[in-house]
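Peer 1: I have a structure here, written as structure tokens, and I will follow up with some questions on it.
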Amino acid sequence: MAMKKIITFSMILIFASAFCLSGCSASENNTNDFTLTMQIDNPIMSINGTDYEIDKGRDTVPVVLNNRTLVPIRAIIEAMGGKAGYDDDTKTIFLEYNGDFITLAIGNTTAYFNETANTLDTAPMIINGRTMLPIRFIAESYKFNVNWIQETQTVIITKTS
């Protein structure tokens with residue numbers, strides 16, 4: 001168990017170093033207010049009123065499992081101003097936004113926000129070859145607001161400057 005923690009911590013350090021080597025500027029999203037809207041079973045998301053494919057060229061869509069919305073995270077976290085990384089050997093996902101880190105593993109309900117363990121209702125998983133993560137935990141950890149509109153099955157993620 002101690003070895004696993006050492007490996008996880010090492011991966012976080014490597015991931016953090018990679019961001020700093022690239023200037024650490026990619027995580028800055030200084031464009032006033034931010035609104036991202038996406039709908040279950042729809043491969044298109046809207047960012048500040050402009051439509052984009054969530055998972056370009058793959059038609060991947062947000063899904064609901066165990067009352068949690070799972071999404072392919074890369075395009076979403078990058079739209080927020082962050083970065084995503086993946087270790088295929090350990091099936092571990094690394095996310096960074098504004099100097100804060102989230103680490104999750106496929107099939108594991110424990111997620112780490114800056115080394116603090118959190119228990120998820122639904123574990124990250126691979127669906128149709130795509131890594132799917134619980135968006136509420138991620139967005140709220142990074143201080144974004146998340147709203148769910150049941151009637152249209154729409155997720156709205158916002159942040160005001």
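By convention in this document, the chains of the structure tokens carry letters A, B, ... by their order, each chain's residues are numbered from 1, and ligands are numbered from 1 in the order they are shown.
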Can you list every residue in chain A that DSSP puts in alpha helix (DSSP H), as an NGL selection string?

Peer 2: :A and (2-21 or 73-80 or 135-141)

Peer 1: Neighbouring residues of segment 61-77 of chain A were defined as those with any atom within 6 Å, considering only C-alpha atoms; residues of the same chain fewer than 2 positions away were excluded. Please report them as a count of residues only.

Peer 2: 14

Peer 1: Set the distance at 10 Å and use only C-alpha atoms: which residues neighbour Ile93 of chain A once local chain neighbours fewer than 4 positions away are removed? I'd like the list as a list of chain:residue names.

Peer 2: A:Ile73, A:Ala84, A:Gly85, A:Tyr86, A:Asp87, A:Asp88, A:Ile102, A:Thr103, A:Leu104, A:Ala105, A:Ile106, A:Ala111, A:Pro124, A:Thr131, A:Leu133

Peer 1: Within segment 25-90 of chain A, find each residue whose DSSP state, derived from the backbone, is strand (DSSP E or B), and express the selection as a VMD selection string.

Peer 2: chain A and resid 34 to 39 44 to 47 50 to 53 63 to 65 68 to 72 83 to 87

Peer 1: Tell me which protein, DNA and RNA residues are within 8 Å of Leu120 of chain A, counting only C-alpha atoms, leaving out same-chain ones fewer than 6 positions away, and put them as a ChimeraX atom specification.

Peer 2: /A:109-111,137

Peer 1: A:Ile126, A:Thr119, A:Phe113, A:Thr60: which is nearest Lys91 of chain A, counting only C-alpha atoms?

Peer 2: A:Ile126

Peer 1: Grab the atom CA of Lys83 of chain A to atom CA of Glu96 of chain A distance for me, in Å with one decimal place.

Peer 2: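 Distance reported for this atom pair: 5.3 Å.
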
Peer 1: Could you jot down the atom CA of Ala123 of chain A to atom CA of Asp59 of chain A separation for me, Å, one decimal place?

Peer 2: 22.0 Å
